[in-house]
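Peer 1: I have a structure here, written as structure tokens, and I will follow up with some questions on it.
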Amino acid sequence: MEEKKFCPYCGERLKGQERFCGKCGKRITPISEISPQHSKKIRHTGMIKIFVVLIILVICGWLAFLIYTHTGQKQILGSWLMLDEDGEYAGYGMTFYEDGRILDTASGLTGDYVIDDGKIMVSYDDGWEVERYVFEYELERDTLTLNLEGSDDEFTLVKENNSL
């Protein structure tokens, strides 16, 4: 009974003792003709490919971690205290949550925020109307400066865990 053989490159069924695949045209080498050195070289090449893929995955994971930990949202998470013009605590602040919610402690309103391209877009829904604000922001260490777009209003906040 004749052994059924298939092309190792394209999977085409081979007939008889063909030396070349009729579909893809690649040379078919019978297993008996593969030398031990060639077999070892094939295994070695396969191991190198796996190693290179693993290195690439590790590098991509490391880069993704760095990007995530240095995004604007990650940096502004937490509670911030508002400072007045003299740099003194003004008695209220804001809290940014990881799920995109924001709490304005001055008004008690909660809302949503999105950070995109150097801007923080905030929307508050007080039940009567939705108020939207767009701030350009600068973050320098533990100081967050918000400039309300379309006005001269500027707000300075510091991380709550800092001593004033």
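All residue names refer to the structure tokens as shown: chains lettered A, B, ... in order, residues numbered from 1 in each chain, ligands numbered from 1 in order.
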Give me, as a PDB file with C-alpha atoms, in the first residue's frame, all polymer residues having an atom no more than 10 Å from Trp80 in chain A, counting only C-alpha atoms and skipping those fewer than 3 positions away in the same chain.
Peer 2:
ATOM      1  CA  ILE A  76      -3.427  63.245  37.262  1.00  0.00           C
ATOM      2  CA  LEU A  77      -5.266  60.470  39.110  1.00  0.00           C
ATOM      3  CA  LEU A  83      -4.571  77.169  45.458  1.00  0.00           C
ATOM      4  CA  TYR A  92     -11.608  72.948  47.783  1.00  0.00           C
ATOM      5  CA  GLY A  93     -10.215  70.914  44.946  1.00  0.00           C
ATOM      6  CA  MET A  94     -10.808  68.114  42.457  1.00  0.00           C
ATOM      7  CA  THR A  95     -10.471  64.362  42.472  1.00  0.00           C
ATOM      8  CA  PHE A  96      -9.766  62.476  39.253  1.00  0.00           C
ATOM      9  CA  ASP A 104     -15.414  68.981  42.118  1.00  0.00           C
ATOM     10  CA  THR A 105     -15.324  69.462  45.892  1.00  0.00           C
ATOM     11  CA  ASP A 142       2.901  67.628  41.683  1.00  0.00           C
ATOM     12  CA  THR A 143       1.466  70.907  40.345  1.00  0.00           C
ATOM     13  CA  LEU A 144      -1.389  70.870  37.854  1.00  0.00           C
ATOM     14  CA  THR A 156      -3.393  75.938  40.115  1.00  0.00           C
ATOM     15  CA  LEU A 157      -3.760  72.677  41.986  1.00  0.00           C
ATOM     16  CA  VAL A 158      -1.313  70.557  43.983  1.00  0.00           C
ATOM     17  CA  LYS A 159      -1.489  66.858  44.857  1.00  0.00           C
ATOM     18  CA  GLU A 160      -3.290  66.423  48.166  1.00  0.00           C
ATOM     19  CA  ASN A 161      -0.508  64.375  49.749  1.00  0.00           C
ATOM     20  CA  ASN A 162       1.868  67.376  49.545  1.00  0.00           C
TER      21      ASN A 162
END
Peer 1: From a DSSP pass on the backbone, collect the residues of chain A flagged as strand (DSSP E or B) and hand them back as number ranges by chain.
Peer 2: A: 5-6, 13-14, 20, 27, 78-83, 89-96, 101-104, 109-116, 119-125, 130-140, 143-148, 154-159
Peer 1: Do you know which residues are at most 10 Å from Asp126 in chain A counting only C-alpha atoms, after dropping those on the same chain fewer than 2 positions away, and could you put them as a PyMOL selection string?
Peer 2: chain A and resi 108-111+123-124+128-131
Peer 1: Can you write just those residues out, N, CA, C and O atoms, as a PDB file, in the first residue's frame?
Peer 2:
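Okay, this is what ended up in result-v2.pdb:
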ATOM      1  N   GLY A 108     -19.478  70.091  44.745  1.00  0.00           N
ATOM      2  CA  GLY A 108     -20.014  68.782  45.077  1.00  0.00           C
ATOM      3  C   GLY A 108     -20.470  68.000  43.851  1.00  0.00           C
ATOM      4  O   GLY A 108     -20.980  66.895  43.966  1.00  0.00           O
ATOM      5  N   LEU A 109     -20.274  68.577  42.678  1.00  0.00           N
ATOM      6  CA  LEU A 109     -20.702  67.914  41.450  1.00  0.00           C
ATOM      7  C   LEU A 109     -19.719  66.821  41.046  1.00  0.00           C
ATOM      8  O   LEU A 109     -18.506  66.959  41.237  1.00  0.00           O
ATOM      9  N   THR A 110     -20.271  65.771  40.514  1.00  0.00           N
ATOM     10  CA  THR A 110     -19.445  64.746  39.895  1.00  0.00           C
ATOM     11  C   THR A 110     -19.710  64.792  38.404  1.00  0.00           C
ATOM     12  O   THR A 110     -20.784  65.203  37.960  1.00  0.00           O
ATOM     13  N   GLY A 111     -18.739  64.391  37.656  1.00  0.00           N
ATOM     14  CA  GLY A 111     -18.878  64.399  36.209  1.00  0.00           C
ATOM     15  C   GLY A 111     -17.905  63.436  35.584  1.00  0.00           C
ATOM     16  O   GLY A 111     -17.395  62.531  36.247  1.00  0.00           O
ATOM     17  N   SER A 123     -17.206  67.306  31.835  1.00  0.00           N
ATOM     18  CA  SER A 123     -18.639  67.587  31.729  1.00  0.00           C
ATOM     19  C   SER A 123     -19.304  67.213  33.044  1.00  0.00           C
ATOM     20  O   SER A 123     -19.056  66.146  33.603  1.00  0.00           O
ATOM     21  N   TYR A 124     -20.126  68.138  33.529  1.00  0.00           N
ATOM     22  CA  TYR A 124     -20.900  67.938  34.755  1.00  0.00           C
ATOM     23  C   TYR A 124     -22.375  67.941  34.378  1.00  0.00           C
ATOM     24  O   TYR A 124     -22.823  68.779  33.604  1.00  0.00           O
ATOM     25  N   TRP A 128     -30.161  69.331  35.664  1.00  0.00           N
ATOM     26  CA  TRP A 128     -30.898  70.324  34.883  1.00  0.00           C
ATOM     27  C   TRP A 128     -30.251  70.563  33.535  1.00  0.00           C
ATOM     28  O   TRP A 128     -30.905  70.725  32.524  1.00  0.00           O
ATOM     29  N   GLU A 129     -28.940  70.626  33.573  1.00  0.00           N
ATOM     30  CA  GLU A 129     -28.210  70.868  32.340  1.00  0.00           C
ATOM     31  C   GLU A 129     -26.815  70.251  32.436  1.00  0.00           C
ATOM     32  O   GLU A 129     -26.331  69.951  33.517  1.00  0.00           O
ATOM     33  N   VAL A 130     -26.203  70.068  31.289  1.00  0.00           N
ATOM     34  CA  VAL A 130     -24.842  69.554  31.237  1.00  0.00           C
ATOM     35  C   VAL A 130     -23.907  70.732  30.979  1.00  0.00           C
ATOM     36  O   VAL A 130     -24.101  71.488  30.038  1.00  0.00           O
ATOM     37  N   GLU A 131     -22.942  70.886  31.874  1.00  0.00           N
ATOM     38  CA  GLU A 131     -21.949  71.948  31.712  1.00  0.00           C
ATOM     39  C   GLU A 131     -20.656  71.294  31.219  1.00  0.00           C
ATOM     40  O   GLU A 131     -20.210  70.304  31.777  1.00  0.00           O
TER      41      GLU A 131
END
Peer 1: Distance CA of Met82 in chain A-CA of Ala106 in chain A, one decimal place?
Peer 2: 9.5 Å
Peer 1: Contacts of Asn147 in chain A at 8 Å or less, counting only C-alpha atoms, minus same-chain residues fewer than 6 places along, as number ranges by chain?
Peer 2: A: 135-137, 153-155
Peer 1: In Å to one decimal, how far is CA of Glu98 in chain A from CA of Leu139 in chain A?
Peer 2: 17.1 Å
